[in-house]
>>> print(open('model.csv').read())   # CSV, C-alpha atoms and all ligand atoms
chain,number,residue,atom,x,y,z
A,1,MET,CA,30.4,38.8,1.2
A,2,ALA,CA,29.2,42.2,2.3
A,3,VAL,CA,30.0,45.2,0.0
A,4,ILE,CA,32.2,47.5,2.0
A,5,PRO,CA,33.2,50.9,0.5
A,6,GLN,CA,37.0,50.9,0.1
A,7,ILE,CA,39.2,53.2,2.2
A,8,ILE,CA,42.5,54.7,1.3
A,9,ALA,CA,44.3,55.8,4.4
A,10,GLY,CA,47.6,57.7,4.5
A,11,ASN,CA,49.8,57.2,7.5
A,12,TRP,CA,52.3,60.1,7.6
A,13,LYS,CA,54.1,58.7,10.6
A,14,MET,CA,56.6,61.3,12.0
A,15,ASN,CA,56.8,63.3,8.8
A,16,LEU,CA,55.5,66.7,7.4
A,17,THR,CA,55.5,69.9,9.3
A,18,LEU,CA,52.5,72.2,9.5
A,19,SER,CA,53.5,74.1,6.4
A,20,GLN,CA,54.3,70.9,4.5
A,21,GLY,CA,51.0,69.4,5.5
A,22,ALA,CA,49.1,72.5,4.4
A,23,GLU,CA,50.9,72.4,1.0
A,24,PHE,CA,50.0,68.7,0.7
A,25,ILE,CA,46.3,69.2,1.4
A,26,ASP,CA,46.0,72.2,-0.8
A,27,ILE,CA,47.4,70.2,-3.7
A,28,LEU,CA,45.2,67.2,-2.9
A,29,LEU,CA,42.0,69.2,-2.6
A,30,SER,CA,42.7,71.1,-5.8
A,31,ARG,CA,43.3,67.8,-7.7
A,32,LEU,CA,40.1,66.3,-6.2
A,33,SER,CA,37.9,69.2,-7.0
A,34,GLY,CA,35.1,68.2,-9.4
A,35,LYS,CA,36.0,64.5,-9.1
A,36,GLU,CA,33.6,61.9,-7.7
A,37,LEU,CA,35.6,59.5,-5.5
A,38,SER,CA,34.3,56.0,-4.9
A,39,ARG,CA,36.7,55.5,-2.0
A,40,GLN,CA,36.8,57.1,1.4
A,41,LEU,CA,40.1,59.0,1.9
A,42,LEU,CA,41.6,59.3,5.3
A,43,LEU,CA,44.8,61.0,6.5
A,44,ALA,CA,46.7,60.2,9.7
A,45,PRO,CA,49.0,63.1,10.3
A,46,ASN,CA,50.8,64.1,13.5
A,47,PHE,CA,48.8,65.6,16.3
A,48,THR,CA,50.2,69.0,15.6
A,49,LEU,CA,48.6,69.0,12.1
A,50,LEU,CA,45.2,67.7,13.0
A,51,SER,CA,43.2,70.9,13.6
A,52,MET,CA,44.8,72.7,10.6
A,53,LEU,CA,43.8,69.7,8.4
A,54,ALA,CA,40.4,69.5,9.9
A,55,GLN,CA,39.7,73.1,9.0
A,56,ARG,CA,40.9,72.7,5.4
A,57,CYS,CA,39.2,69.3,4.9
A,58,ALA,CA,35.8,70.4,6.2
A,59,GLY,CA,33.2,69.5,3.6
A,60,SER,CA,35.7,67.6,1.4
A,61,GLY,CA,34.8,64.1,2.6
A,62,ILE,CA,38.4,63.5,3.7
A,63,ALA,CA,38.5,62.2,7.3
A,64,LEU,CA,41.3,62.4,9.8
A,65,ALA,CA,42.9,59.8,12.0
A,66,ALA,CA,45.3,60.2,14.9
A,67,GLN,CA,48.4,57.9,15.0
A,68,ASN,CA,48.2,57.1,18.7
A,69,CYS,CA,46.3,58.0,21.9
A,70,ALA,CA,46.4,57.7,25.6
A,71,PHE,CA,44.3,55.0,27.2
A,72,GLN,CA,43.5,57.3,30.1
A,73,GLU,CA,40.8,59.9,29.9
A,74,ALA,CA,42.6,62.8,31.5
A,75,GLY,CA,45.0,63.7,34.3
A,76,ALA,CA,48.7,63.7,35.2
A,77,PHE,CA,50.1,61.8,32.1
A,78,THR,CA,52.8,64.1,30.8
A,79,GLY,CA,53.3,63.8,27.1
A,80,GLU,CA,50.1,61.9,26.4
A,81,THR,CA,47.1,62.9,24.3
A,82,SER,CA,43.6,61.8,25.2
A,83,VAL,CA,40.9,60.6,22.8
A,84,ALA,CA,38.7,63.6,23.7
A,85,MET,CA,41.6,65.9,22.7
A,86,LEU,CA,42.0,64.2,19.4
A,87,LYS,CA,38.3,64.3,18.7
A,88,ASP,CA,38.3,68.0,19.6
A,89,ALA,CA,41.2,68.5,17.1
A,90,GLY,CA,39.2,66.9,14.3
A,91,ALA,CA,40.1,63.2,14.3
A,92,ALA,CA,37.4,60.6,13.7
A,93,TYR,CA,39.7,57.6,13.8
A,94,VAL,CA,42.8,56.5,15.8
A,95,LEU,CA,45.5,54.1,14.7
A,96,VAL,CA,46.1,51.6,17.5
A,97,GLY,CA,48.8,48.9,17.6
A,98,HIS,CA,50.8,50.0,14.6
A,99,SER,CA,53.9,47.7,14.5
A,100,GLU,CA,56.2,50.7,15.1
A,101,ARG,CA,54.3,51.4,18.4
A,102,ARG,CA,54.5,47.7,19.3
A,103,GLN,CA,58.2,47.2,18.3
A,104,ILE,CA,59.9,50.6,19.0
A,105,PHE,CA,57.8,51.8,21.9
A,106,GLY,CA,57.1,48.4,23.4
A,107,GLU,CA,53.3,48.6,23.4
A,108,ARG,CA,51.9,45.3,24.4
A,109,ASP,CA,48.6,43.6,23.9
A,110,ASP,CA,47.0,44.6,27.2
A,111,LEU,CA,47.9,48.3,26.7
A,112,LEU,CA,46.5,48.1,23.1
A,113,ARG,CA,43.3,46.6,24.4
A,114,GLN,CA,42.9,49.6,26.8
A,115,LYS,CA,43.6,52.0,23.9
A,116,VAL,CA,41.1,50.3,21.7
A,117,ARG,CA,38.5,50.6,24.4
A,118,ALA,CA,39.4,54.3,25.1
A,119,VAL,CA,39.0,55.1,21.4
A,120,ALA,CA,35.6,53.4,21.2
A,121,GLY,CA,34.5,54.8,24.6
A,122,GLY,CA,35.5,58.3,23.4
A,123,GLY,CA,33.3,58.0,20.3
A,124,LEU,CA,36.1,57.6,17.7
A,125,ARG,CA,36.8,54.6,15.6
A,126,PRO,CA,40.0,52.5,16.1
A,127,ILE,CA,42.0,51.3,13.1
A,128,PHE,CA,43.5,48.3,14.9
A,129,CYS,CA,46.7,47.2,13.3
A,130,VAL,CA,48.0,43.6,13.3
A,131,GLY,CA,50.7,41.7,11.6
A,132,GLU,CA,53.4,39.1,11.8
A,133,THR,CA,57.2,39.5,11.7
A,134,LEU,CA,59.4,37.8,9.1
A,135,ASP,CA,60.5,35.2,11.6
A,136,GLN,CA,56.9,34.5,12.5
A,137,ARG,CA,55.9,34.1,8.8
A,138,GLN,CA,58.9,31.9,8.0
A,139,GLY,CA,58.1,29.8,11.1
A,140,GLY,CA,54.6,29.2,9.8
A,141,GLU,CA,53.0,31.2,12.6
A,142,ALA,CA,51.5,34.2,10.7
A,143,PHE,CA,47.9,33.3,11.0
A,144,GLU,CA,48.2,32.3,14.7
A,145,VAL,CA,50.0,35.6,15.6
A,146,VAL,CA,47.5,37.8,13.8
A,147,ILE,CA,44.5,36.1,15.3
A,148,SER,CA,46.0,36.2,18.7
A,149,GLN,CA,46.6,40.0,18.3
A,150,LEU,CA,43.0,40.4,17.2
A,151,ARG,CA,41.6,38.2,20.0
A,152,SER,CA,43.5,40.1,22.6
A,153,GLY,CA,42.9,43.7,21.3
A,154,LEU,CA,39.2,43.3,20.4
A,155,VAL,CA,37.8,41.3,23.3
A,156,GLU,CA,34.4,42.7,24.1
A,157,PHE,CA,34.7,45.5,21.6
A,158,PRO,CA,31.5,47.5,22.3
A,159,ASN,CA,30.2,48.7,19.0
A,160,ARG,CA,30.6,48.2,15.3
A,161,GLN,CA,32.8,51.3,14.7
A,162,LEU,CA,35.9,49.3,14.0
A,163,ILE,CA,38.5,49.0,11.2
A,164,VAL,CA,41.2,46.4,11.1
A,165,ALA,CA,44.5,46.9,9.2
A,166,TYR,CA,46.7,43.9,8.3
A,167,GLU,CA,50.2,45.1,8.1
A,168,PRO,CA,52.9,42.4,7.8
A,169,VAL,CA,55.8,43.8,9.7
A,170,TRP,CA,58.3,42.6,7.1
A,171,ALA,CA,56.5,44.6,4.4
A,172,ILE,CA,56.4,48.0,6.2
A,173,GLY,CA,58.8,50.6,4.8
A,174,THR,CA,60.8,47.8,3.2
A,175,GLY,CA,59.5,48.1,-0.4
A,176,GLN,CA,58.6,44.4,-0.1
A,177,THR,CA,54.9,44.1,-0.5
A,178,ALA,CA,52.9,41.0,0.4
A,179,THR,CA,51.8,39.2,-2.7
A,180,PRO,CA,48.1,39.6,-3.5
A,181,GLU,CA,47.6,36.0,-2.5
A,182,ASP,CA,49.3,36.5,0.8
A,183,ALA,CA,47.1,39.5,1.5
A,184,ARG,CA,44.0,37.7,0.4
A,185,SER,CA,44.6,34.6,2.4
A,186,MET,CA,45.3,36.6,5.6
A,187,HIS,CA,42.3,38.9,5.0
A,188,VAL,CA,40.0,35.9,4.5
A,189,HIS,CA,41.3,34.5,7.8
A,190,ILE,CA,40.7,37.8,9.6
A,191,ARG,CA,37.2,38.0,8.2
A,192,LYS,CA,36.4,34.5,9.5
A,193,PHE,CA,37.6,35.6,12.9
A,194,LEU,CA,35.6,38.8,12.9
A,195,GLU,CA,32.5,37.0,11.7
A,196,ALA,CA,32.8,34.4,14.4
A,197,GLN,CA,33.4,37.1,17.1
A,198,PHE,CA,30.9,39.8,16.2
A,199,PRO,CA,27.4,39.7,14.7
A,200,TRP,CA,28.4,42.6,12.5
A,201,GLY,CA,31.9,41.1,11.7
A,202,GLU,CA,31.2,40.9,8.0
A,203,ARG,CA,31.0,44.7,7.8
A,204,VAL,CA,34.3,45.6,9.4
A,205,PRO,CA,36.7,47.1,6.8
A,206,ILE,CA,40.0,45.2,6.6
A,207,LEU,CA,42.8,47.3,5.2
A,208,TYR,CA,46.1,46.1,3.8
A,209,GLY,CA,49.3,48.0,4.7
A,210,GLY,CA,53.0,47.4,3.9
A,211,SER,CA,54.7,49.1,0.9
A,212,ALA,CA,51.4,49.8,-0.9
A,213,LYS,CA,52.1,52.2,-3.8
A,214,PRO,CA,50.5,53.3,-7.1
A,215,GLU,CA,52.2,50.3,-8.9
A,216,ASN,CA,50.6,47.6,-6.7
A,217,ALA,CA,47.4,49.3,-5.4
A,218,ALA,CA,45.1,48.0,-8.1
A,219,GLU,CA,46.1,44.4,-7.7
A,220,LEU,CA,45.9,44.5,-3.9
A,221,LEU,CA,42.5,46.3,-4.0
A,222,ALA,CA,41.1,43.7,-6.4
A,223,GLN,CA,41.6,40.9,-3.8
A,224,PRO,CA,38.5,39.7,-2.0
A,225,GLU,CA,38.3,41.0,1.6
A,226,VAL,CA,40.9,43.7,0.9
A,227,ASN,CA,38.7,46.7,1.7
A,228,GLY,CA,41.3,49.4,1.4
A,229,LEU,CA,44.9,50.3,2.0
A,230,LEU,CA,46.9,51.9,4.8
A,231,VAL,CA,49.7,53.6,3.0
A,232,GLY,CA,52.9,54.9,4.6
A,233,GLY,CA,55.7,56.2,2.4
A,234,ALA,CA,53.6,56.6,-0.7
A,235,SER,CA,51.1,58.8,1.1
A,236,LEU,CA,53.7,61.6,1.7
A,237,ASP,CA,53.3,62.9,-1.8
A,238,PRO,CA,49.8,64.1,-2.8
A,239,GLU,CA,50.3,62.9,-6.3
A,240,SER,CA,51.1,59.3,-5.4
A,241,PHE,CA,48.4,59.3,-2.7
A,242,LEU,CA,45.9,60.4,-5.3
A,243,GLN,CA,47.1,57.9,-7.8
A,244,ILE,CA,46.4,55.2,-5.3
A,245,ALA,CA,43.0,56.6,-4.4
A,246,LEU,CA,42.1,56.7,-8.1
A,247,VAL,CA,43.4,53.4,-9.4
B,301,LIG,P1,54.7,51.8,4.2
B,301,LIG,O1,54.0,51.9,5.7
B,301,LIG,O2,53.6,51.9,3.2
B,301,LIG,O3,55.7,52.8,4.1
B,301,LIG,O4,55.3,50.4,4.1
B,301,LIG,C1,52.8,51.4,5.9
B,301,LIG,C2,52.4,51.6,7.4
B,301,LIG,O5,53.3,51.5,8.2
B,301,LIG,O6,51.3,52.0,7.7
>>> encode(input="model.csv", output="C-alpha cells")
Amino acid sequence: MAVIPQIIAGNWKMNLTLSQGAEFIDILLSRLSGKELSRQLLLAPNFTLLSMLAQRCAGSGIALAAQNCAFQEAGAFTGETSVAMLKDAGAAYVLVGHSERRQIFGERDDLLRQKVRAVAGGGLRPIFCVGETLDQRQGGEAFEVVISQLRSGLVEFPNRQLIVAYEPVWAIGTGQTATPEDARSMHVHIRKFLEAQFPWGERVPILYGGSAKPENAAELLAQPEVNGLLVGGASLDPESFLQIALV
C-alpha cells in the first residue's frame, strides 16, 4: 500500500460571506502559526471568496478548491465559471460530481466526465465525488454504483493529478456517518478499481466524506485506504476544522 499524505478538505457549500470567510481564515492561520501539520489542508469556498482566501493563504500551505466549474473553456455560457477563471482566482482543485450537484442540479455522468476533463485540461486537479444513496445501499448495490460512477467519470483520465472522494449520499449532512468498516471496505474497493485502471492508481488519494467531525475523524482516518476527509458542516467553524486536522 502506497504511503499517501492525508488531506483534510473543508467544503463550505453555499455558506460564509466574504467577511465571514476572512474571519475564519484569520482564526485558522493564527491557530496554525508555529504548528507543523502532517496533513494537507484544503478549503473549498464559494467562487466569490477564492481570491481573498488565496491572498491570505499565500505561503501557508493551505490550498483552495472550487466547488464546481463549467466544462466549456470560454464563451456565451451565462452564469458559468471556467477552469481558467478558477485557476486565476487561486484554486488548485475543483470538486466535481458532489452528490448535491448530481441530485439537486441534475448533473449526470456524461456532463461530469466533461467537467473532469476540463479540470485536468486546465491544469487543476479534480476531486471526483462518488457515492450511493440509501436505497442503493439497502439494495446491495453500493459497490456497483460507486464503481460505475468512477468508470464513467474517469475514463481516459489524462494524468495522475486526481483525488477521489467517497461520499455516501445517506451520510451527507445527516449526522449519520458511515461506520469505519463501511468506509474501509468501499475505499479498498475504489483502490482496486484505480489500480486496475491506471498505472499510478495506488497513489490517488481517496477521501471519505459524510458527517465527518472531530468526534469520528481519528477513527475514520485510521482506516486503511482512507487518505483524508472531505468535511462539510464541521468545516464551517475554524475550531472544529482544526480539531479534525490535528486529530
Ligand atoms: P457533511 O458534508 O460533512 O456536512 O456531511 C460532506 C460533504 O458534502 O462534502
>>> axis_aligned_box(input="model.csv", around="ligand LIG 301 (chain B)", padding_each_side="5 Å", output="JSON")
{"center_x": 53.5, "center_y": 51.6, "center_z": 5.7, "size_x": 14.4, "size_y": 12.4, "size_z": 15.0}
>>> closest_residue(input="model.csv", among="A:Leu16, A:Val204, A:Ile104, A:Met52", to="Asn159 of chain A", atoms="only C-alpha atoms")
A:Val204
>>> closest_atom_pairs(input="model.csv", of="chain A", to="ligand LIG 301 (chain B)", cutoff="9 Å", atoms="only C-alpha atoms and all ligand atoms", output="tab-separated table")
residue	atom	partner	partner_atom	distance
A:Ala9	CA	B:LIG301	O6	8.6
A:Gly10	CA	B:LIG301	O6	7.5
A:Asn11	CA	B:LIG301	O6	5.4
A:Trp12	CA	B:LIG301	O6	8.2
A:Lys13	CA	B:LIG301	O5	7.6
A:His98	CA	B:LIG301	O5	7.0
A:Ser99	CA	B:LIG301	O5	7.4
A:Glu100	CA	B:LIG301	O5	7.5
A:Cys129	CA	B:LIG301	O6	8.7
A:Ala165	CA	B:LIG301	O6	8.6
A:Glu167	CA	B:LIG301	C2	6.9
A:Val169	CA	B:LIG301	O5	8.2
A:Trp170	CA	B:LIG301	O4	8.9
A:Ala171	CA	B:LIG301	O4	5.9
A:Ile172	CA	B:LIG301	O4	3.4
A:Gly173	CA	B:LIG301	O4	3.6
A:Thr174	CA	B:LIG301	O4	6.1
A:Gly175	CA	B:LIG301	O4	6.6
A:Gln176	CA	B:LIG301	O4	8.0
A:Thr177	CA	B:LIG301	O4	7.8
A:Tyr208	CA	B:LIG301	O6	8.8
A:Gly209	CA	B:LIG301	C1	5.0
A:Gly210	CA	B:LIG301	O4	3.8
A:Ser211	CA	B:LIG301	O4	3.5
A:Ala212	CA	B:LIG301	O2	5.1
A:Lys213	CA	B:LIG301	O2	7.2
A:Leu229	CA	B:LIG301	O6	8.7
A:Leu230	CA	B:LIG301	O6	5.3
A:Val231	CA	B:LIG301	O2	4.3
A:Gly232	CA	B:LIG301	O1	3.4
A:Gly233	CA	B:LIG301	O3	3.8
A:Ala234	CA	B:LIG301	O2	6.1
A:Ser235	CA	B:LIG301	O2	7.6
>>> write_last_selection(input="model.csv", atoms="C-alpha atoms", output="PDB file, in the frame of the given file")
ATOM      1  CA  ALA A   9      44.300  55.800   4.400  1.00  0.00           C
ATOM      2  CA  GLY A  10      47.600  57.700   4.500  1.00  0.00           C
ATOM      3  CA  ASN A  11      49.800  57.200   7.500  1.00  0.00           C
ATOM      4  CA  TRP A  12      52.300  60.100   7.600  1.00  0.00           C
ATOM      5  CA  LYS A  13      54.100  58.700  10.600  1.00  0.00           C
ATOM      6  CA  HIS A  98      50.800  50.000  14.600  1.00  0.00           C
ATOM      7  CA  SER A  99      53.900  47.700  14.500  1.00  0.00           C
ATOM      8  CA  GLU A 100      56.200  50.700  15.100  1.00  0.00           C
ATOM      9  CA  CYS A 129      46.700  47.200  13.300  1.00  0.00           C
ATOM     10  CA  ALA A 165      44.500  46.900   9.200  1.00  0.00           C
ATOM     11  CA  GLU A 167      50.200  45.100   8.100  1.00  0.00           C
ATOM     12  CA  VAL A 169      55.800  43.800   9.700  1.00  0.00           C
ATOM     13  CA  TRP A 170      58.300  42.600   7.100  1.00  0.00           C
ATOM     14  CA  ALA A 171      56.500  44.600   4.400  1.00  0.00           C
ATOM     15  CA  ILE A 172      56.400  48.000   6.200  1.00  0.00           C
ATOM     16  CA  GLY A 173      58.800  50.600   4.800  1.00  0.00           C
ATOM     17  CA  THR A 174      60.800  47.800   3.200  1.00  0.00           C
ATOM     18  CA  GLY A 175      59.500  48.100  -0.400  1.00  0.00           C
ATOM     19  CA  GLN A 176      58.600  44.400  -0.100  1.00  0.00           C
ATOM     20  CA  THR A 177      54.900  44.100  -0.500  1.00  0.00           C
ATOM     21  CA  TYR A 208      46.100  46.100   3.800  1.00  0.00           C
ATOM     22  CA  GLY A 209      49.300  48.000   4.700  1.00  0.00           C
ATOM     23  CA  GLY A 210      53.000  47.400   3.900  1.00  0.00           C
ATOM     24  CA  SER A 211      54.700  49.100   0.900  1.00  0.00           C
ATOM     25  CA  ALA A 212      51.400  49.800  -0.900  1.00  0.00           C
ATOM     26  CA  LYS A 213      52.100  52.200  -3.800  1.00  0.00           C
ATOM     27  CA  LEU A 229      44.900  50.300   2.000  1.00  0.00           C
ATOM     28  CA  LEU A 230      46.900  51.900   4.800  1.00  0.00           C
ATOM     29  CA  VAL A 231      49.700  53.600   3.000  1.00  0.00           C
ATOM     30  CA  GLY A 232      52.900  54.900   4.600  1.00  0.00           C
ATOM     31  CA  GLY A 233      55.700  56.200   2.400  1.00  0.00           C
ATOM     32  CA  ALA A 234      53.600  56.600  -0.700  1.00  0.00           C
ATOM     33  CA  SER A 235      51.100  58.800   1.100  1.00  0.00           C
TER      34      SER A 235
END
>>> atom_distance(input="model.csv", atom1="atom CA of Ile127 of chain A", atom2="atom CA of Tyr93 of chain A")
6.7 Å
>>> atom_distance(input="model.csv", atom1="atom CA of Thr133 of chain A", atom2="atom CA of Gln40 of chain A")
28.8 Å
>>> atom_distance(input="model.csv", atom1="atom CA of Thr78 of chain A", atom2="atom CA of Ile163 of chain A")
28.6 Å
>>> residues_around(input="model.csv", residues="Asn68 of chain A", least_positions_apart="3", cutoff="12 Å", atoms="all atoms listed in the file", output="MDAnalysis selection string")
chainID A and resid 11 13:14 44:47 65 71 79:83 85:86 91 93:102 105 107 111:112 115:116 118:119 126:129
>>> write_last_selection(input="model.csv", atoms="C-alpha atoms", output="compact mmCIF listing (two decimals), in the frame of the given file")
# COMPACT_ATOMS: atom_id res chain seq x y z
CA ASN A 11 49.80 57.20 7.50
CA LYS A 13 54.10 58.70 10.60
CA MET A 14 56.60 61.30 12.00
CA ALA A 44 46.70 60.20 9.70
CA PRO A 45 49.00 63.10 10.30
CA ASN A 46 50.80 64.10 13.50
CA PHE A 47 48.80 65.60 16.30
CA ALA A 65 42.90 59.80 12.00
CA PHE A 71 44.30 55.00 27.20
CA GLY A 79 53.30 63.80 27.10
CA GLU A 80 50.10 61.90 26.40
CA THR A 81 47.10 62.90 24.30
CA SER A 82 43.60 61.80 25.20
CA VAL A 83 40.90 60.60 22.80
CA MET A 85 41.60 65.90 22.70
CA LEU A 86 42.00 64.20 19.40
CA ALA A 91 40.10 63.20 14.30
CA TYR A 93 39.70 57.60 13.80
CA VAL A 94 42.80 56.50 15.80
CA LEU A 95 45.50 54.10 14.70
CA VAL A 96 46.10 51.60 17.50
CA GLY A 97 48.80 48.90 17.60
CA HIS A 98 50.80 50.00 14.60
CA SER A 99 53.90 47.70 14.50
CA GLU A 100 56.20 50.70 15.10
CA ARG A 101 54.30 51.40 18.40
CA ARG A 102 54.50 47.70 19.30
CA PHE A 105 57.80 51.80 21.90
CA GLU A 107 53.30 48.60 23.40
CA LEU A 111 47.90 48.30 26.70
CA LEU A 112 46.50 48.10 23.10
CA LYS A 115 43.60 52.00 23.90
CA VAL A 116 41.10 50.30 21.70
CA ALA A 118 39.40 54.30 25.10
CA VAL A 119 39.00 55.10 21.40
CA PRO A 126 40.00 52.50 16.10
CA ILE A 127 42.00 51.30 13.10
CA PHE A 128 43.50 48.30 14.90
CA CYS A 129 46.70 47.20 13.30
>>> closest_residue(input="model.csv", among="A:Phe198, A:Phe77, A:Phe193, A:Tyr166", to="Val226 of chain A", atoms="only C-alpha atoms")
A:Tyr166
>>> closest_residue(input="model.csv", among="A:Gly123, A:Pro238, A:His187, A:Gln243", to="Pro214 of chain A", atoms="only C-alpha atoms")
A:Gln243
>>> closest_residue(input="model.csv", among="A:Leu194, A:Leu134, A:Ala74, A:Ile7", to="Leu150 of chain A", atoms="all atoms listed in the file")
A:Leu194
>>> closest_residue(input="model.csv", among="A:Pro158, A:Leu221, A:Glu181, A:Glu215", to="Ser240 of chain A", atoms="all atoms listed in the file")
A:Glu215
>>> closest_residue(input="model.csv", among="A:Glu225, A:Ala245, A:Gln161, A:Asp88", to="Ile62 of chain A", atoms="only C-alpha atoms")
A:Ala245
>>> residues_around(input="model.csv", residues="segment 23-27 of chain A", least_positions_apart="5", cutoff="12 Å", atoms="only C-alpha atoms", output="ChimeraX atom specification")
/A:10,12,15-18,32-33,41-43,45,49-50,52-58,60,62,64,235-242
